[in-house]
file structure-v7.txt (compact mmCIF, C-alpha atoms and all ligand atoms)
# COMPACT_ATOMS: atom_id res chain seq x y z
CA MET A 1128 0.00 0.00 0.00
CA ARG A 1129 1.22 3.50 -0.83
CA GLN A 1130 1.91 5.38 2.39
CA ARG A 1131 -0.73 7.93 3.40
CA VAL A 1132 0.77 11.34 3.96
CA TRP A 1133 -1.32 14.08 5.53
CA ALA A 1134 -1.60 17.82 5.35
CA VAL A 1135 -3.42 19.17 8.39
CA LEU A 1136 -5.24 22.46 7.81
CA ILE A 1137 -5.96 24.62 10.86
CA SER A 1138 -7.09 28.12 11.81
CA GLY A 1139 -6.46 28.37 15.53
CA ARG A 1140 -5.54 26.63 18.72
CA GLY A 1141 -4.64 23.30 17.17
CA SER A 1142 -5.78 20.99 19.97
CA ASN A 1143 -6.87 18.45 17.38
CA LEU A 1144 -3.58 18.83 15.54
CA SER A 1145 -1.85 18.09 18.86
CA ALA A 1146 -3.90 14.94 19.26
CA LEU A 1147 -2.81 13.79 15.79
CA LEU A 1148 0.83 14.60 16.63
CA ASP A 1149 0.57 12.14 19.52
CA TYR A 1150 0.69 9.27 16.98
CA PRO A 1151 3.91 9.89 15.02
CA ASP A 1152 4.39 6.20 14.27
CA GLU A 1153 0.93 5.86 12.76
CA ILE A 1154 0.12 9.27 11.28
CA SER A 1155 2.55 10.86 8.84
CA ILE A 1156 2.03 14.64 8.65
CA SER A 1157 4.19 16.36 6.07
CA ILE A 1158 2.85 19.90 6.45
CA VAL A 1159 0.55 22.00 8.64
CA VAL A 1160 -1.26 24.77 6.80
CA SER A 1161 -2.91 27.66 8.63
CA SER A 1162 -5.42 30.17 7.32
CA LYS A 1163 -4.19 32.60 10.00
CA PRO A 1164 -0.73 33.73 11.12
CA GLY A 1165 0.36 33.59 14.74
CA VAL A 1166 -2.05 30.92 15.93
CA ASP A 1167 -1.12 28.40 18.61
CA GLY A 1168 -1.51 25.50 16.20
CA LEU A 1169 1.44 26.78 14.15
CA ALA A 1170 3.67 26.82 17.23
CA LYS A 1171 2.59 23.27 18.04
CA ALA A 1172 3.52 22.14 14.53
CA ARG A 1173 6.90 23.84 14.70
CA ARG A 1174 7.66 22.31 18.09
CA ALA A 1175 6.98 18.92 16.52
CA GLY A 1176 9.33 19.74 13.64
CA ILE A 1177 6.58 19.78 11.00
CA PRO A 1178 6.92 22.33 8.18
CA THR A 1179 4.23 25.00 8.15
CA LEU A 1180 2.57 27.22 5.58
CA ILE A 1181 0.44 30.30 6.23
CA LEU A 1182 -2.18 31.02 3.59
CA ASP A 1183 -2.88 34.49 2.22
CA ARG A 1184 -6.28 35.96 3.04
CA ARG A 1185 -7.18 35.35 -0.62
CA ILE A 1186 -6.28 31.68 -0.92
CA ASP A 1187 -4.76 30.40 -4.17
CA TRP A 1188 -6.23 26.89 -4.00
CA SER A 1189 -4.47 25.65 -7.15
CA ALA A 1190 -1.10 26.73 -5.76
CA LEU A 1191 -1.95 25.02 -2.50
CA THR A 1192 -2.60 21.75 -4.34
CA VAL A 1193 0.75 22.07 -6.13
CA THR A 1194 2.55 22.68 -2.81
CA LEU A 1195 0.83 19.77 -1.10
CA ARG A 1196 1.54 17.37 -3.97
CA SER A 1197 5.20 18.48 -4.02
CA ARG A 1198 5.39 17.46 -0.36
CA GLY A 1199 3.96 14.03 -1.06
CA VAL A 1200 0.58 14.74 0.52
CA THR A 1201 -2.06 12.13 -0.29
CA HIS A 1202 -4.73 13.10 2.25
CA ILE A 1203 -5.98 16.31 3.87
CA CYS A 1204 -7.40 16.71 7.36
CA LEU A 1205 -9.40 19.85 8.15
CA ALA A 1206 -8.86 20.17 11.91
CA GLY A 1207 -10.53 23.42 12.89
CA PHE A 1208 -9.98 24.98 9.46
CA MET A 1209 -12.49 27.83 9.31
CA ARG A 1210 -12.50 28.60 5.59
CA ILE A 1211 -14.89 27.18 3.02
CA VAL A 1212 -13.11 24.80 0.64
CA PRO A 1213 -14.13 25.54 -2.98
CA PRO A 1214 -15.58 22.85 -5.29
CA ALA A 1215 -12.52 22.68 -7.56
CA PHE A 1216 -10.28 21.88 -4.60
CA VAL A 1217 -12.74 19.27 -3.35
CA ALA A 1218 -12.78 17.70 -6.83
CA GLU A 1219 -8.98 17.62 -6.91
CA TRP A 1220 -8.84 15.77 -3.57
CA ARG A 1221 -12.14 13.87 -3.69
CA GLY A 1222 -12.31 11.06 -1.17
CA GLN A 1223 -9.06 12.24 0.39
CA ILE A 1224 -10.26 15.13 2.56
CA VAL A 1225 -11.81 14.69 5.98
CA ASN A 1226 -13.32 17.36 8.19
CA LEU A 1227 -13.95 17.48 11.91
CA HIS A 1228 -17.18 19.13 12.99
CA PRO A 1229 -18.40 19.70 16.56
CA SER A 1230 -22.02 18.59 16.18
CA LEU A 1231 -24.10 15.58 15.36
CA LEU A 1232 -24.50 16.41 11.68
CA PRO A 1233 -26.75 17.02 9.83
CA LYS A 1234 -27.77 19.07 12.85
CA TYR A 1235 -25.93 22.34 13.48
CA PRO A 1236 -23.62 22.70 10.46
CA GLY A 1237 -21.58 25.89 10.09
CA LEU A 1238 -20.32 28.11 12.90
CA GLU A 1239 -20.86 28.15 16.68
CA SER A 1240 -22.32 24.66 16.57
CA ILE A 1241 -21.64 23.72 20.18
CA ARG A 1242 -23.18 26.90 21.57
CA VAL A 1243 -26.24 26.73 19.34
CA ALA A 1244 -26.91 23.06 20.19
CA PHE A 1245 -26.32 23.79 23.89
CA GLU A 1246 -28.75 26.72 23.87
CA ALA A 1247 -31.34 24.52 22.17
CA ASP A 1248 -30.67 21.93 24.90
CA ASP A 1249 -30.01 19.36 22.25
CA ASP A 1250 -27.52 16.49 22.35
CA LEU A 1251 -23.87 17.46 21.75
CA GLY A 1252 -21.41 15.45 19.76
CA VAL A 1253 -18.91 15.20 16.98
CA THR A 1254 -18.85 14.13 13.35
CA VAL A 1255 -15.81 13.31 11.25
CA HIS A 1256 -16.86 13.28 7.62
CA GLU A 1257 -15.63 13.28 4.06
CA VAL A 1258 -15.62 16.70 2.48
CA ASP A 1259 -17.91 17.28 -0.47
CA GLU A 1260 -19.06 20.46 -2.19
CA GLY A 1261 -21.50 21.41 0.57
CA VAL A 1262 -20.84 22.90 4.00
CA ASP A 1263 -20.54 20.00 6.47
CA THR A 1264 -22.58 17.72 4.20
CA GLY A 1265 -20.17 14.91 3.25
CA ARG A 1266 -20.56 11.25 4.19
CA ALA A 1267 -20.06 10.67 7.91
CA LEU A 1268 -17.07 8.46 8.75
CA LEU A 1269 -17.55 8.52 12.51
CA GLN A 1270 -20.10 10.17 14.77
CA LYS A 1271 -20.18 10.15 18.58
CA THR A 1272 -22.45 11.75 21.14
CA SER A 1273 -20.61 13.63 23.91
CA LEU A 1274 -23.49 14.70 26.14
CA LYS A 1275 -27.24 14.27 26.03
CA LYS A 1276 -29.18 17.50 26.66
CA PRO A 1277 -26.44 18.99 28.88
CA ARG A 1278 -28.23 22.22 29.68
CA ALA A 1279 -31.13 20.47 31.38
CA ALA A 1280 -28.59 18.29 33.18
CA GLY A 1281 -26.98 21.41 34.71
CA TYR A 1282 -23.75 21.59 32.69
CA SER A 1283 -22.23 25.00 32.00
CA LEU A 1284 -21.49 25.81 28.37
CA ALA A 1285 -17.75 25.75 29.18
CA LEU A 1286 -17.89 22.23 30.62
CA ALA A 1287 -20.08 21.02 27.77
CA GLU A 1288 -17.59 22.46 25.25
CA PHE A 1289 -14.71 20.79 27.03
CA THR A 1290 -16.49 17.45 26.79
CA VAL A 1291 -17.05 17.91 23.06
CA HIS A 1292 -13.38 18.78 22.57
CA VAL A 1293 -12.33 15.54 24.29
CA THR A 1294 -14.68 13.59 22.02
CA GLU A 1295 -13.31 15.41 18.97
CA GLN A 1296 -9.77 14.35 19.67
CA ARG A 1297 -10.78 10.73 20.15
CA CYS A 1298 -12.86 10.65 16.97
CA LEU A 1299 -10.38 12.47 14.75
CA THR A 1300 -7.39 10.39 15.79
CA ARG A 1301 -9.40 7.20 15.35
CA VAL A 1302 -10.42 8.10 11.79
CA VAL A 1303 -7.01 9.40 10.71
CA ARG A 1304 -5.19 6.41 12.20
CA ALA A 1305 -7.59 4.02 10.47
CA LEU A 1306 -7.26 5.78 7.12
CA SER A 1307 -3.49 5.90 7.53
CA SER A 1308 -3.33 2.15 7.87
CA GLY A 1309 -5.45 1.71 4.77
CA GLY A 1310 -8.56 0.67 6.67
CA SER A 1311 -11.99 2.11 6.99
CA SER A 1312 -12.62 4.42 9.93
CA ARG A 1313 -15.67 2.54 11.16
C1 LIG B 1 -12.85 22.37 16.93
O1 LIG B 1 -13.83 22.43 17.91
C2 LIG B 1 -13.44 21.94 15.60
O2 LIG B 1 -14.45 20.99 15.73
C3 LIG B 1 -14.00 23.24 15.11
O3 LIG B 1 -12.99 24.17 15.41
C4 LIG B 1 -12.34 23.77 16.62
C5 LIG B 1 -10.86 23.80 16.37
O4 LIG B 1 -10.16 23.53 17.55
N1 LIG B 1 -14.25 23.17 13.69
C6 LIG B 1 -15.34 23.69 13.14
O5 LIG B 1 -16.19 24.29 13.76
C7 LIG B 1 -15.41 23.49 11.64
N2 LIG B 1 -16.70 23.84 11.16
P1 LIG B 1 -8.60 23.29 17.51
O6 LIG B 1 -7.95 24.41 16.70
O7 LIG B 1 -8.20 23.36 18.97
O8 LIG B 1 -8.33 21.94 16.92
call {"tool": "encode", "arguments": {"input": "structure-v7.txt", "output": "structure tokens"}}
result
Amino acid sequence: MRQRVWAVLISGRGSNLSALLDYPDEISISIVVSSKPGVDGLAKARRAGIPTLILDRRIDWSALTVTLRSRGVTHICLAGFMRIVPPAFVAEWRGQIVNLHPSLLPKYPGLESIRVAFEADDDLGVTVHEVDEGVDTGRALLQKTSLKKPRAAGYSLALAEFTVHVTEQRCLTRVVRALSSGGSSR
């Protein structure tokens, strides 16, 4: 089997990137790409010795593909990447991009998903899914509930968010490890 080599795309803190970096023997990350300069996730990548790239505000998606291919990237992981990926880029990498989303999709796509679900006193959870042309619409690879109706159960939003973040790291590492070894994530 050809080795799976990942680019991890981030926009912020990089806690999910950190979780992936905990498996250096199983997950090969050749580059970390950030849509923002100065974010903690970039420092985490550098500390791990992974090359980084900061995207311009106006992203040249074709150039990004060329850069990733030149670094041997076969798969892309969107780990808190807060930019919409355009259809041409999805087509270029079809079946090889996964996204992490902090809700039980198809509920609560888009932004502020944890807060909106919490305020609705709905169940909280995580979906790791393939990326298609829609926003958070691709085929689910793994979905886990973190908390059932936490507001009624007396959780604060901060504690509920923390619980979702723990679930995220478990789900994302499970999927990326499985895909890295050529298996299915289920
Ligand atoms: C995570 O909660 C992730 O699910 C969310 O951004 C956060 C990134 O955290 N992604 C989305 O909302 C994508 N729609 P991190 O930078 O600490 O990994």
call {"tool": "residues_around", "arguments": {"input": "structure-v7.txt", "residues": "stretch 1230-1239 of chain A", "least_positions_apart": "5", "cutoff": "8 Å", "atoms": "only C-alpha atoms", "output": "PyMOL selection string"}}
result
chain A and resi 1244+1250-1254+1262-1264+1270-1272
call {"tool": "atom_distance", "arguments": {"input": "structure-v7.txt", "atom1": "atom CA of A:Glu1153", "atom2": "atom O3 of ligand LIG 1 (chain B)"}}
result
23.2 Å
call {"tool": "residues_near_ligand", "arguments": {"input": "structure-v7.txt", "ligand": "ligand LIG 1 (chain B)", "cutoff": "8 Å", "atoms": "only C-alpha atoms and all ligand atoms", "output": "PyMOL selection string"}}
result
chain A and resi 1137-1145+1168+1205-1209+1226-1230+1236-1240+1253+1263+1291-1292+1295
call {"tool": "residues_near_point", "arguments": {"input": "structure-v7.txt", "point": "(-30.9, 15.8, 27.3)", "cutoff": "12 Å", "atoms": "all atoms listed in the file", "output": "count of residues only"}}
result
19
call {"tool": "residues_near_point", "arguments": {"input": "structure-v7.txt", "point": "(-2.7, 26.1, 6.4)", "cutoff": "12 Å", "atoms": "all atoms listed in the file", "output": "ChimeraX atom specification"}}
result
/A:1134-1139,1141,1144,1157-1166,1168-1169,1172,1178-1184,1186-1188,1191-1192,1194-1195,1203-1210,1212
call {"tool": "atom_distance", "arguments": {"input": "structure-v7.txt", "atom1": "atom CA of A:Glu1260", "atom2": "atom CA of A:Trp1133"}}
result
20.4 Å
call {"tool": "residues_around", "arguments": {"input": "structure-v7.txt", "residues": "A:Ala1267", "least_positions_apart": "5", "cutoff": "8 Å", "atoms": "all atoms listed in the file", "output": "mmCIF file with C-alpha atoms, keeping the file's coordinate frame"}}
result
data_model
loop_
_atom_site.group_PDB
_atom_site.id
_atom_site.type_symbol
_atom_site.label_atom_id
_atom_site.label_comp_id
_atom_site.auth_asym_id
_atom_site.auth_seq_id
_atom_site.Cartn_x
_atom_site.Cartn_y
_atom_site.Cartn_z
ATOM 1 C CA THR A 1254 -18.850 14.130 13.350
ATOM 2 C CA VAL A 1255 -15.810 13.310 11.250
ATOM 3 C CA HIS A 1256 -16.860 13.280 7.620
ATOM 4 C CA GLU A 1257 -15.630 13.280 4.060
#
call {"tool": "atom_distance", "arguments": {"input": "structure-v7.txt", "atom1": "atom CA of A:Phe1289", "atom2": "atom CA of A:Ala1305"}}
result
24.6 Å
call {"tool": "closest_residue", "arguments": {"input": "structure-v7.txt", "among": "A:Ile1156, A:Ala1170, A:Ile1241, A:Ala1190", "to": "A:Ala1285", "atoms": "all atoms listed in the file"}}
result
A:Ile1241
call {"tool": "closest_residue", "arguments": {"input": "structure-v7.txt", "among": "A:Ser1308, A:Thr1201, A:Thr1300, A:Thr1294", "to": "A:Tyr1150", "atoms": "only C-alpha atoms"}}
result
A:Thr1300
call {"tool": "closest_residue", "arguments": {"input": "structure-v7.txt", "among": "A:Glu1219, A:Ile1177, A:Ile1224, A:Val1132", "to": "A:Gly1265", "atoms": "all atoms listed in the file"}}
result
A:Ile1224
call {"tool": "residues_around", "arguments": {"input": "structure-v7.txt", "residues": "A:Ile1154", "least_positions_apart": "6", "cutoff": "8 Å", "atoms": "all atoms listed in the file", "output": "PyMOL selection string"}}
result
chain A and resi 1132-1133+1147-1148+1303-1304+1307
